[in-house]
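Here's protein-v8.cif, which has mmCIF, C-alpha atoms:
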data_target
loop_
_atom_site.label_atom_id
_atom_site.label_comp_id
_atom_site.auth_asym_id
_atom_site.auth_seq_id
_atom_site.Cartn_x
_atom_site.Cartn_y
_atom_site.Cartn_z
CA MET A 1 -8.82 15.53 7.81
CA GLN A 2 -12.23 15.69 6.19
CA ASP A 3 -11.41 16.61 2.63
CA ILE A 4 -12.38 15.53 -0.89
CA ARG A 5 -8.67 15.00 -1.44
CA ILE A 6 -8.84 12.01 0.92
CA ALA A 7 -11.20 10.36 -1.57
CA ARG A 8 -8.79 11.20 -4.42
CA TRP A 9 -5.94 9.76 -2.33
CA ALA A 10 -7.79 6.49 -1.78
CA HIS A 11 -8.81 6.27 -5.44
CA THR A 12 -5.21 6.80 -6.58
CA LEU A 13 -3.83 4.24 -4.13
CA VAL A 14 -6.35 1.59 -5.15
CA HIS A 15 -6.43 2.13 -8.92
CA TYR A 16 -2.96 3.52 -9.77
CA CYS A 17 -0.55 2.36 -7.08
CA LEU A 18 -1.99 -1.09 -6.34
CA TYR A 19 -4.29 -1.48 -9.39
CA LEU A 20 -6.62 -3.76 -7.42
CA LYS A 21 -8.89 -6.16 -9.27
CA PRO A 22 -11.75 -8.42 -8.16
CA GLY A 23 -10.58 -11.15 -5.81
CA ASP A 24 -7.40 -9.38 -4.66
CA ILE A 25 -6.56 -9.66 -0.97
CA LEU A 26 -5.35 -6.30 0.36
CA THR A 27 -3.79 -5.76 3.77
CA ILE A 28 -3.88 -2.20 5.16
CA ASN A 29 -1.14 -1.78 7.76
CA THR A 30 -1.30 1.35 9.91
CA SER A 31 -2.44 2.83 13.24
CA PRO A 32 -5.74 4.44 14.31
CA LEU A 33 -4.23 7.86 13.51
CA ALA A 34 -4.86 7.23 9.81
CA ALA A 35 -8.55 6.34 10.25
CA PRO A 36 -9.97 8.75 7.59
CA LEU A 37 -7.67 7.37 4.88
CA VAL A 38 -8.18 3.75 6.01
CA GLU A 39 -11.95 4.14 5.75
CA ALA A 40 -11.69 5.70 2.29
CA VAL A 41 -9.30 3.01 1.02
CA TYR A 42 -11.44 0.25 2.54
CA GLY A 43 -14.52 1.45 0.69
CA GLU A 44 -12.65 2.01 -2.59
CA ALA A 45 -11.12 -1.49 -2.37
CA LEU A 46 -14.55 -3.02 -1.84
CA ARG A 47 -15.90 -1.19 -4.88
CA ALA A 48 -12.96 -2.59 -6.87
CA GLY A 49 -14.02 -6.12 -5.87
CA ALA A 50 -11.06 -6.72 -3.54
CA HIS A 51 -11.02 -8.15 -0.01
CA PRO A 52 -9.44 -5.51 2.31
CA ILE A 53 -7.99 -6.68 5.63
CA PRO A 54 -7.15 -3.82 8.04
CA VAL A 55 -4.14 -4.61 10.26
CA ILE A 56 -4.34 -1.79 12.80
CA GLY A 57 -1.63 -1.55 15.44
CA LEU A 58 -0.77 0.81 18.28
CA ASP A 59 2.26 3.07 17.97
CA HIS A 60 3.88 2.05 21.25
CA LEU A 61 3.79 -1.73 20.86
CA ASP A 62 7.09 -1.83 18.95
CA GLU A 63 8.71 0.21 21.71
CA ILE A 64 7.48 -2.22 24.37
CA LEU A 65 8.71 -5.25 22.41
CA LEU A 66 12.13 -3.74 21.72
CA LYS A 67 12.61 -2.72 25.35
CA GLU A 68 11.22 -5.78 27.13
CA GLY A 69 11.38 -8.67 24.65
CA SER A 70 14.05 -11.37 24.79
CA ASP A 71 16.22 -12.07 21.75
CA GLU A 72 13.97 -15.04 21.01
CA GLN A 73 10.88 -12.83 21.15
CA LEU A 74 12.53 -10.21 18.94
CA SER A 75 13.31 -12.93 16.37
CA TRP A 76 9.83 -14.45 16.40
CA ILE A 77 7.62 -13.83 13.37
CA SER A 78 3.87 -13.92 13.85
CA PRO A 79 2.22 -16.73 11.88
CA VAL A 80 -0.41 -14.18 10.89
CA SER A 81 2.29 -12.02 9.28
CA GLN A 82 3.75 -15.08 7.58
CA MET A 83 0.35 -16.17 6.28
CA LEU A 84 -0.41 -12.71 4.91
CA ALA A 85 3.02 -12.60 3.21
CA GLU A 86 2.14 -15.88 1.49
CA ARG A 87 -1.48 -15.14 0.56
CA ALA A 88 -2.14 -11.40 0.28
CA THR A 89 -1.86 -10.08 -3.26
CA ALA A 90 -1.41 -6.43 -2.24
CA GLN A 91 -0.24 -4.48 0.80
CA LEU A 92 -0.74 -0.83 1.69
CA THR A 93 1.34 0.58 4.54
CA ILE A 94 0.30 3.97 5.89
CA ASN A 95 3.01 5.41 8.12
CA THR A 96 1.87 7.48 11.10
CA ALA A 97 3.53 8.59 14.31
CA SER A 98 2.37 10.08 17.59
CA ASN A 99 6.01 10.30 18.73
CA THR A 100 8.80 10.07 16.15
CA ARG A 101 11.40 9.73 18.91
CA ALA A 102 9.83 6.67 20.58
CA LEU A 103 12.68 4.34 19.52
CA SER A 104 15.52 6.83 19.95
CA ASN A 105 16.89 5.11 23.08
CA ILE A 106 16.65 1.54 21.75
CA ASP A 107 19.96 -0.28 21.29
CA PRO A 108 20.59 -0.51 17.51
CA ALA A 109 21.66 -4.13 17.98
CA ARG A 110 18.15 -4.99 19.16
CA LEU A 111 16.65 -3.22 16.16
CA ALA A 112 18.96 -5.26 13.94
CA ILE A 113 17.71 -8.54 15.48
CA ARG A 114 14.15 -7.55 14.61
CA GLN A 115 15.10 -6.48 11.09
CA ARG A 116 17.05 -9.67 10.38
CA ALA A 117 14.13 -11.79 11.59
CA ALA A 118 11.83 -10.11 9.09
CA ARG A 119 14.05 -11.06 6.15
CA ALA A 120 12.47 -14.48 5.63
CA PHE A 121 8.93 -13.29 5.04
CA MET A 122 10.20 -10.20 3.23
CA GLN A 123 12.03 -12.55 0.88
CA THR A 124 8.75 -14.42 0.36
CA ARG A 125 7.05 -11.17 -0.61
CA ARG A 126 9.93 -10.18 -2.90
CA GLN A 127 9.79 -13.52 -4.73
CA ARG A 128 6.03 -13.21 -5.14
CA GLU A 129 6.40 -9.63 -6.34
CA GLN A 130 8.92 -10.67 -8.99
CA ALA A 131 6.51 -13.43 -10.06
CA GLY A 132 3.72 -10.87 -10.46
CA GLU A 133 1.72 -12.28 -7.53
CA PHE A 134 2.14 -9.37 -5.09
CA ARG A 135 2.44 -5.59 -5.12
CA TRP A 136 2.84 -3.06 -2.34
CA CYS A 137 2.64 0.65 -1.64
CA LEU A 138 3.88 2.89 1.18
CA THR A 139 2.35 6.25 2.02
CA LEU A 140 2.19 8.59 5.02
CA TYR A 141 -0.72 10.15 6.87
CA PRO A 142 -0.01 13.57 8.45
CA THR A 143 0.20 13.73 12.25
CA SER A 144 1.25 16.43 14.68
CA ALA A 145 4.51 14.62 15.46
CA LEU A 146 5.47 14.38 11.78
CA ALA A 147 4.53 18.04 11.30
CA GLN A 148 6.79 19.04 14.19
CA ASP A 149 9.70 17.16 12.64
CA ALA A 150 9.11 19.12 9.45
CA SER A 151 8.93 22.43 11.38
CA MET A 152 5.36 22.99 10.19
CA SER A 153 1.95 23.30 11.75
CA LEU A 154 -0.30 20.28 11.27
CA ARG A 155 -2.39 22.18 8.71
CA GLU A 156 0.73 23.24 6.80
CA PHE A 157 2.04 19.68 6.78
CA GLU A 158 -1.31 18.31 5.60
CA GLU A 159 -1.25 20.72 2.68
CA PHE A 160 2.37 19.82 1.93
CA VAL A 161 1.61 16.08 1.83
CA LEU A 162 -1.46 16.52 -0.34
CA ALA A 163 0.40 18.78 -2.78
CA THR A 164 3.40 16.47 -3.16
CA CYS A 165 1.00 13.61 -3.96
CA PHE A 166 -0.66 15.78 -6.68
CA LEU A 167 -3.97 15.45 -4.81
CA ASN A 168 -4.95 19.05 -5.51
CA ASP A 169 -5.49 17.96 -9.13
CA ALA A 170 -8.94 16.71 -10.09
CA ASP A 171 -7.26 13.58 -11.51
CA PRO A 172 -3.94 12.90 -9.74
CA ILE A 173 -3.36 9.76 -11.82
CA VAL A 174 -2.84 11.92 -14.93
CA ARG A 175 -0.04 13.84 -13.17
CA TRP A 176 1.64 10.64 -11.97
CA LYS A 177 1.57 9.19 -15.47
CA GLU A 178 3.17 12.38 -16.83
CA LEU A 179 5.94 12.15 -14.23
CA SER A 180 6.39 8.46 -15.05
CA GLU A 181 6.90 9.23 -18.74
CA GLN A 182 9.40 11.98 -17.93
CA GLN A 183 11.40 9.73 -15.63
CA GLN A 184 11.33 6.82 -18.08
CA ARG A 185 13.24 9.01 -20.54
CA LEU A 186 15.93 9.46 -17.87
CA VAL A 187 16.02 5.72 -17.15
CA ASP A 188 16.36 4.96 -20.87
CA TRP A 189 19.17 7.50 -21.25
CA LEU A 190 21.10 6.17 -18.22
CA ALA A 191 21.03 2.60 -19.53
CA GLY A 192 24.44 1.44 -20.70
CA HIS A 193 26.43 4.16 -18.94
CA GLU A 194 29.22 3.25 -16.56
CA LYS A 195 30.54 6.03 -14.33
CA VAL A 196 28.94 8.72 -12.15
CA ARG A 197 30.77 11.64 -10.56
CA VAL A 198 29.05 13.88 -7.99
CA ILE A 199 30.67 17.28 -7.35
CA GLY A 200 29.48 19.80 -4.77
CA GLU A 201 30.36 21.53 -1.53
CA ASP A 202 32.80 19.22 0.30
CA THR A 203 31.81 16.57 -2.24
CA ASP A 204 33.72 14.80 -4.98
CA LEU A 205 32.60 11.19 -5.30
CA THR A 206 32.82 8.69 -8.14
CA LEU A 207 31.00 5.38 -8.42
CA SER A 208 30.20 2.80 -11.07
CA ILE A 209 26.77 1.97 -12.48
CA LYS A 210 28.13 -0.45 -15.08
CA ASP A 211 25.60 -3.18 -15.93
CA ARG A 212 23.21 -1.84 -13.27
CA ILE A 213 19.53 -1.12 -13.91
CA PHE A 214 17.81 2.16 -13.01
CA ILE A 215 14.24 1.91 -11.72
CA ASN A 216 11.51 4.46 -12.45
CA SER A 217 9.89 5.17 -9.06
CA ASP A 218 6.71 6.87 -10.23
CA GLY A 219 4.34 6.71 -7.24
CA LYS A 220 3.29 3.09 -7.46
CA ARG A 221 5.43 1.86 -4.55
CA ASN A 222 6.25 5.03 -2.60
CA PHE A 223 3.46 7.58 -2.53
CA PRO A 224 4.55 10.26 -3.07
CA SER A 225 7.54 9.37 -5.17
CA GLY A 226 9.53 10.92 -7.98
CA GLU A 227 13.01 9.41 -8.30
CA VAL A 228 15.10 7.12 -10.46
CA PHE A 229 17.39 4.78 -8.53
CA THR A 230 19.87 1.95 -8.84
CA SER A 231 22.40 0.07 -6.74
CA PRO A 232 26.00 1.06 -7.55
CA VAL A 233 28.76 -1.49 -8.05
CA GLU A 234 29.66 -2.48 -4.52
CA ASP A 235 33.43 -1.75 -4.53
CA SER A 236 33.32 1.29 -6.83
CA ALA A 237 32.72 4.35 -4.61
CA ASN A 238 35.77 6.54 -4.09
CA GLY A 239 36.04 10.06 -2.71
CA LYS A 240 34.05 12.17 -0.27
CA ILE A 241 30.47 13.39 0.05
CA ARG A 242 28.57 15.70 2.36
CA PHE A 243 24.88 15.22 3.13
CA SER A 244 23.57 18.64 4.15
CA VAL A 245 19.87 17.66 4.44
CA PRO A 246 19.18 16.52 8.05
CA SER A 247 18.55 12.81 8.37
CA SER A 248 16.60 10.65 10.81
CA LEU A 249 16.73 6.89 11.39
CA ASN A 250 14.70 5.06 14.04
CA GLY A 251 13.94 8.36 15.70
CA ARG A 252 17.59 9.47 15.88
CA GLY A 253 18.37 12.80 14.25
CA VAL A 254 21.73 13.05 12.46
CA GLU A 255 22.86 16.20 10.68
CA ASP A 256 25.68 17.29 8.36
CA ILE A 257 26.94 13.78 7.61
CA ARG A 258 30.33 13.53 5.87
CA LEU A 259 31.63 10.24 4.48
CA VAL A 260 34.86 9.21 2.78
CA PHE A 261 34.85 6.10 0.59
CA ARG A 262 37.70 3.94 -0.60
CA GLU A 263 37.04 1.01 -2.93
CA GLY A 264 33.37 1.11 -2.01
CA LYS A 265 33.77 1.17 1.78
CA VAL A 266 33.27 4.04 4.22
CA VAL A 267 36.69 4.63 5.79
CA GLU A 268 35.96 7.98 7.48
CA ALA A 269 32.70 9.33 8.87
CA SER A 270 31.60 12.33 10.88
CA ALA A 271 28.43 14.28 11.64
CA GLY A 272 27.66 17.70 13.08
CA GLN A 273 24.98 16.07 15.24
CA GLY A 274 24.45 12.40 16.10
CA GLU A 275 27.95 11.25 15.19
CA ASP A 276 28.01 8.50 17.82
CA TYR A 277 24.86 6.96 16.37
CA LEU A 278 26.22 7.21 12.82
CA LEU A 279 29.37 5.34 13.80
CA ARG A 280 27.39 2.62 15.60
CA MET A 281 25.22 2.04 12.56
CA LEU A 282 28.26 1.82 10.29
CA ASP A 283 29.44 -1.11 12.41
CA LEU A 284 26.04 -2.82 12.46
CA ASP A 285 27.19 -5.57 10.08
CA GLN A 286 29.63 -6.19 7.22
CA GLY A 287 27.42 -4.55 4.59
CA ALA A 288 26.63 -1.36 6.49
CA ARG A 289 29.72 0.54 5.24
CA PHE A 290 28.93 -0.11 1.56
CA LEU A 291 26.42 1.59 -0.71
CA GLY A 292 23.11 -0.05 -1.55
CA GLU A 293 21.53 2.78 -3.57
CA PHE A 294 22.25 5.82 -5.72
CA ALA A 295 19.34 7.95 -6.97
CA PHE A 296 18.17 11.24 -8.44
CA GLY A 297 15.27 13.07 -6.73
CA ASN A 298 12.72 14.44 -9.19
CA ASN A 299 9.49 15.50 -7.43
CA PRO A 300 8.87 19.20 -8.22
CA GLY A 301 6.54 19.63 -5.25
CA ILE A 302 9.18 18.75 -2.64
CA THR A 303 11.37 21.81 -2.18
CA ARG A 304 12.49 21.53 1.45
CA GLY A 305 13.64 18.93 3.92
CA THR A 306 11.13 17.45 6.36
CA ARG A 307 13.29 14.96 8.29
CA ASN A 308 11.18 12.26 6.68
CA ILE A 309 12.94 10.27 3.98
CA LEU A 310 9.73 9.36 2.15
CA PHE A 311 9.69 13.00 1.02
CA ASP A 312 13.27 14.22 1.33
CA GLU A 313 14.85 11.67 -1.00
CA LYS A 314 12.47 12.72 -3.80
CA MET A 315 13.39 16.41 -3.58
CA GLY A 316 14.05 17.74 -7.07
CA GLY A 317 17.67 18.75 -7.69
CA THR A 318 19.17 16.35 -5.17
CA VAL A 319 20.83 12.97 -5.20
CA HIS A 320 20.66 10.44 -2.42
CA LEU A 321 22.73 7.45 -1.47
CA ALA A 322 21.86 4.67 0.93
CA LEU A 323 24.26 2.78 3.13
CA GLY A 324 23.50 -0.91 3.47
CA ALA A 325 21.12 -3.25 1.66
CA SER A 326 20.89 -2.92 -2.11
CA TYR A 327 18.08 -3.76 -4.53
CA PRO A 328 18.50 -7.13 -6.32
CA GLU A 329 16.22 -5.98 -9.15
CA THR A 330 18.83 -3.35 -10.07
CA GLY A 331 21.70 -5.86 -10.00
CA GLY A 332 22.78 -4.94 -6.46
CA ARG A 333 24.37 -7.59 -4.25
CA ASN A 334 25.13 -5.83 -0.97
CA GLN A 335 23.37 -7.34 2.06
CA SER A 336 22.79 -5.63 5.39
CA ALA A 337 20.16 -5.09 8.07
CA LEU A 338 20.70 -1.38 7.38
CA HIS A 339 19.27 0.74 4.57
CA TRP A 340 19.88 4.38 5.44
CA ASP A 341 19.09 7.01 2.79
CA MET A 342 21.05 10.28 2.94
CA VAL A 343 20.36 13.34 0.78
CA CYS A 344 22.97 15.51 -0.92
CA ASP A 345 21.52 18.88 -1.99
CA LEU A 346 22.99 20.11 -5.29
CA ARG A 347 20.49 22.90 -6.00
CA GLN A 348 22.71 25.85 -5.10
CA SER A 349 25.99 24.54 -6.43
CA GLY A 350 26.69 21.09 -7.73
CA GLU A 351 27.17 18.85 -10.73
CA VAL A 352 26.61 15.23 -11.65
CA TRP A 353 28.57 13.83 -14.58
CA VAL A 354 27.56 10.54 -16.18
CA ASP A 355 30.58 9.31 -18.13
CA ASP A 356 31.56 12.43 -20.14
CA THR A 357 28.13 14.11 -20.06
CA LEU A 358 27.06 16.82 -17.61
CA PHE A 359 23.78 15.27 -16.46
CA LEU A 360 22.78 17.71 -13.68
CA LYS A 361 23.96 21.20 -12.76
CA ASP A 362 22.77 23.33 -9.84
CA GLY A 363 19.74 21.13 -9.34
CA LYS A 364 18.59 21.02 -12.97
CA ILE A 365 18.76 17.92 -15.16
CA LEU A 366 20.30 18.92 -18.49
CA ILE A 367 19.96 15.90 -20.77
#

Let's see the structure in the file written out as structure tokens.
Amino acid sequence: MQDIRIARWAHTLVHYCLYLKPGDILTINTSPLAAPLVEAVYGEALRAGAHPIPVIGLDHLDEILLKEGSDEQLSWISPVSQMLAERATAQLTINTASNTRALSNIDPARLAIRQRAARAFMQTRRQREQAGEFRWCLTLYPTSALAQDASMSLREFEEFVLATCFLNDADPIVRWKELSEQQQRLVDWLAGHEKVRVIGEDTDLTLSIKDRIFINSDGKRNFPSGEVFTSPVEDSANGKIRFSVPSSLNGRGVEDIRLVFREGKVVEASAGQGEDYLLRMLDLDQGARFLGEFAFGNNPGITRGTRNILFDEKMGGTVHLALGASYPETGGRNQSALHWDMVCDLRQSGEVWVDDTLFLKDGKILI
């Protein structure tokens, strides 16, 4: 893409999402497919006085490692990655893909080895983030493979991505601040409430949010964003839920997921497509059958599924739940190598009750 909106994108990432200042060390993690955005961010970071470090990888290297590496090699963490986790003050990850199915035949157990190995330096980053020493942002650069997943042409997908990031506005930061203020009102209202009930087609699920904190995801960490999320009380989910928006994890497509919970744990699971993979992931570890996240999608520009969770979970009028790892900053305690977001569409017919208040009906927030 050669577009003035690329410059707006870079400006927003540098000054709103990562709010870089002189002396900051910024890593830019991506592939050559995102070159136009990398170049724009690199220049904008320099003008902000930061020190950008591009970390450019090739799409297929992960596939080679996961197929040919020993368990020891899968567990090994590069000292370069460790050093950057300890010293970089900001990280931008730009997701790209030339083939979104490249890892679809990898044994999930091997993926789990790699994910568990990354926990140590991820914990380092989390501790530094909580201390105010590190911030991060994740975005996505349009590719033909991602457009195909979304059932769009590349041009259509480019326009979709730019619109959902508010990059058609002359000053996207103004729009993100407006959304942030709107969502903060929801976060403030949800504070102190205890019980959530989700009702919809083949769905009647209750869970507890007692003493849990909702986070305002307003584009600073995920870009685009537009959600408020928390981690539910680990043993509180009871009932059933249907996720009608198609899902994808590690290149595996799974559709029409149905789960039954009892005392927080998934006790029944099925899917219209990809059921075998769903069941394997549920048995990945002890935390995989418990919820790590509950959230409301709130981005008005995302109106359809794309098989990409960066967008789908922010779809206005939906809720999403994640199996596996929870967020400690919300009060969550569930641990797992899995974090799988699944979207429940309530726009045609559905309700969410928070304690005795009807919070959402047919995709519209009422409070």

Next item on the list: Please indicate the distance in Å from CA of Ser70 in chain A to CA of Ala145 in chain A, rounded to one decimal place.
Entry: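 Separating CA of Ser70 in chain A from CA of Ala145 in chain A is a distance of 29.2 Å.
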
Margin query: Excluding range 323-335 of chain A and its own-chain neighbours fewer than 6 positions away, which residues fall within 6 Å of it when counting all atoms listed in the file? Please give them as a list in words.
Written below: Arg212, Ile213, Thr230, Ser231, Gly287, Ala288, Phe290, Leu291, Gly292 and Glu293 of chain A

Output of the above residues as a tab-separated table (two decimals), in the frame of the given file, restricted to C-alpha atoms:
chain	number	residue	atom	x	y	z
A	212	ARG	CA	23.21	-1.84	-13.27
A	213	ILE	CA	19.53	-1.12	-13.91
A	230	THR	CA	19.87	1.95	-8.84
A	231	SER	CA	22.40	0.07	-6.74
A	287	GLY	CA	27.42	-4.55	4.59
A	288	ALA	CA	26.63	-1.36	6.49
A	290	PHE	CA	28.93	-0.11	1.56
A	291	LEU	CA	26.42	1.59	-0.71
A	292	GLY	CA	23.11	-0.05	-1.55
A	293	GLU	CA	21.53	2.78	-3.57

Using the chain letters and numbering of this document, enumerate as a PDB file with C-alpha atoms, in the coordinates of the input the residues selected by the PyMOL selection byres ((chain A and resi 275) around 10).
ATOM      1  CA  GLY A 253      18.370  12.800  14.250  1.00  0.00           C
ATOM      2  CA  VAL A 254      21.730  13.050  12.460  1.00  0.00           C
ATOM      3  CA  GLU A 255      22.860  16.200  10.680  1.00  0.00           C
ATOM      4  CA  ASP A 256      25.680  17.290   8.360  1.00  0.00           C
ATOM      5  CA  ILE A 257      26.940  13.780   7.610  1.00  0.00           C
ATOM      6  CA  ARG A 258      30.330  13.530   5.870  1.00  0.00           C
ATOM      7  CA  ALA A 269      32.700   9.330   8.870  1.00  0.00           C
ATOM      8  CA  SER A 270      31.600  12.330  10.880  1.00  0.00           C
ATOM      9  CA  ALA A 271      28.430  14.280  11.640  1.00  0.00           C
ATOM     10  CA  GLY A 272      27.660  17.700  13.080  1.00  0.00           C
ATOM     11  CA  GLN A 273      24.980  16.070  15.240  1.00  0.00           C
ATOM     12  CA  GLY A 274      24.450  12.400  16.100  1.00  0.00           C
ATOM     13  CA  ASP A 276      28.010   8.500  17.820  1.00  0.00           C
ATOM     14  CA  TYR A 277      24.860   6.960  16.370  1.00  0.00           C
ATOM     15  CA  LEU A 278      26.220   7.210  12.820  1.00  0.00           C
ATOM     16  CA  LEU A 279      29.370   5.340  13.800  1.00  0.00           C
ATOM     17  CA  ARG A 280      27.390   2.620  15.600  1.00  0.00           C
ATOM     18  CA  MET A 281      25.220   2.040  12.560  1.00  0.00           C
TER      19      MET A 281
END

Checklist line | One-decimal distance in Å that lies between CA of Asn216 in chain A and CA of Val228 in chain A | finding: 4.9 Å

Margin query: Measuring between all atoms listed in the file, which one of A:Arg175, A:Arg87, A:Arg119, A:Arg155 shows the shortest distance to Glu133 in chain A?
Written below: A:Arg87

Margin query: Quick check, in Å to one decimal: how far apart do CA of Leu74 in chain A and CA of Leu58 in chain A lie?
Written below: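 These two atoms are separated by 17.3 Å.
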
Next item on the list: Write out as a PyMOL selection string which residues come within 8 Å of Val233 in chain A when counting all atoms listed in the file, dropping same-chain ones fewer than 2 positions away.
Entry: chain A and resi 207-210+212+231+235-237+332

Note to self: Given the PyMOL selection byres ((chain A and resi 162) around 10) and the file above, list the residues it selects as a ChimeraX atom specification.
What the structure shows: /A:5-6,8-9,141-142,157-161,163-169,224,301

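Compared by their closest atoms to Ile106 in chain A, and using all atoms listed in the file, the residues A:Asp362, A:Asp62, A:Asp71, A:Asp312 rank with A:Asp62 nearest.
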
Notebook entry, point to check: So which residues get picked by the PyMOL selection byres ((chain A and resi 196) around 8) here, written as a ChimeraX atom specification?
Noted result: /A:194-195,197-198,206-209,352-355

Check: Do you know which residues are at most 8 Å from Gly219 in chain A counting only C-alpha atoms, after dropping those on the same chain fewer than 5 positions away, and could you put them as a list in words?
Finding: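 Once the nearby chain positions are removed, what remains is Cys17, Trp176, Pro224, Ser225 and Gly226 of chain A.
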
Checklist line | Ile241 in chain A environment, 10 Å, all atoms listed in the file, sequence neighbours closer than 3 positions dropped, as a count of residues only | finding: 19

Note to self: So that I can see what lies close to Trp76 in chain A, please list as JSON, numbers by chain the residues with an atom at most 10 Å from it, counting all atoms listed in the file and leaving out residues fewer than 6 positions away in the same chain.
What the structure shows: {"A": [70, 113, 114, 117, 118]}

Next item on the list: List every protein, DNA or RNA residue with an atom no more than 7 Å from (-6.2, 3.3, 16.2) in the file's coordinates, counting all atoms listed in the file, and format the result as a list in words.
Entry: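 Taken together, the residues in range are Ser31, Pro32, Leu33, Ile56, Gly57 and Leu58 of chain A.
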
Dump C-alpha atoms for the selected residues as a short mmCIF file (atom, residue, chain, number, x, y, z; two decimals), in the frame of the given file?
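Okay, this is what ended up in part.cif:
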data_model
loop_
_atom_site.label_atom_id
_atom_site.label_comp_id
_atom_site.auth_asym_id
_atom_site.auth_seq_id
_atom_site.Cartn_x
_atom_site.Cartn_y
_atom_site.Cartn_z
CA SER A 31 -2.44 2.83 13.24
CA PRO A 32 -5.74 4.44 14.31
CA LEU A 33 -4.23 7.86 13.51
CA ILE A 56 -4.34 -1.79 12.80
CA GLY A 57 -1.63 -1.55 15.44
CA LEU A 58 -0.77 0.81 18.28
#

Margin query: Could you check the closest approach to Ile365 in chain A for each of A:Asn222, A:Asn298, A:Gln73, A:Ser336 and tell me which residue wins, using all atoms listed in the file?
Written below: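 Ranked by minimum distance to Ile365 in chain A, first place goes to A:Asn298.
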
Write a file for range 73-85 of chain A of the given structure; include N, CA and C atoms and format it as a short mmCIF file (atom, residue, chain, number, x, y, z; two decimals), in the first residue's frame.
data_model
loop_
_atom_site.label_atom_id
_atom_site.label_comp_id
_atom_site.auth_asym_id
_atom_site.auth_seq_id
_atom_site.Cartn_x
_atom_site.Cartn_y
_atom_site.Cartn_z
N GLN A 73 15.41 -27.78 21.43
CA GLN A 73 15.46 -26.62 20.55
C GLN A 73 14.16 -25.81 20.63
N LEU A 74 13.03 -26.51 20.78
CA LEU A 74 11.76 -25.81 20.92
C LEU A 74 11.71 -25.01 22.22
N SER A 75 12.41 -25.48 23.25
CA SER A 75 12.39 -24.83 24.55
C SER A 75 13.41 -23.71 24.67
N TRP A 76 14.34 -23.64 23.73
CA TRP A 76 15.44 -22.68 23.82
C TRP A 76 14.94 -21.27 23.50
N ILE A 77 15.36 -20.31 24.29
CA ILE A 77 15.03 -18.91 24.07
C ILE A 77 16.28 -18.17 23.64
N SER A 78 16.19 -17.49 22.53
CA SER A 78 17.33 -16.73 22.02
C SER A 78 17.79 -15.69 23.04
N PRO A 79 19.10 -15.59 23.27
CA PRO A 79 19.58 -14.54 24.17
C PRO A 79 19.28 -13.14 23.65
N VAL A 80 19.12 -13.01 22.34
CA VAL A 80 18.73 -11.72 21.78
C VAL A 80 17.31 -11.36 22.24
N SER A 81 16.40 -12.34 22.17
CA SER A 81 15.03 -12.10 22.63
C SER A 81 15.01 -11.77 24.11
N GLN A 82 15.81 -12.50 24.89
CA GLN A 82 15.87 -12.26 26.33
C GLN A 82 16.41 -10.86 26.62
N MET A 83 17.45 -10.47 25.90
CA MET A 83 18.04 -9.15 26.12
C MET A 83 17.05 -8.04 25.77
N LEU A 84 16.33 -8.21 24.65
CA LEU A 84 15.36 -7.20 24.26
C LEU A 84 14.21 -7.13 25.27
N ALA A 85 13.80 -8.27 25.83
CA ALA A 85 12.76 -8.28 26.86
C ALA A 85 13.19 -7.50 28.08
#
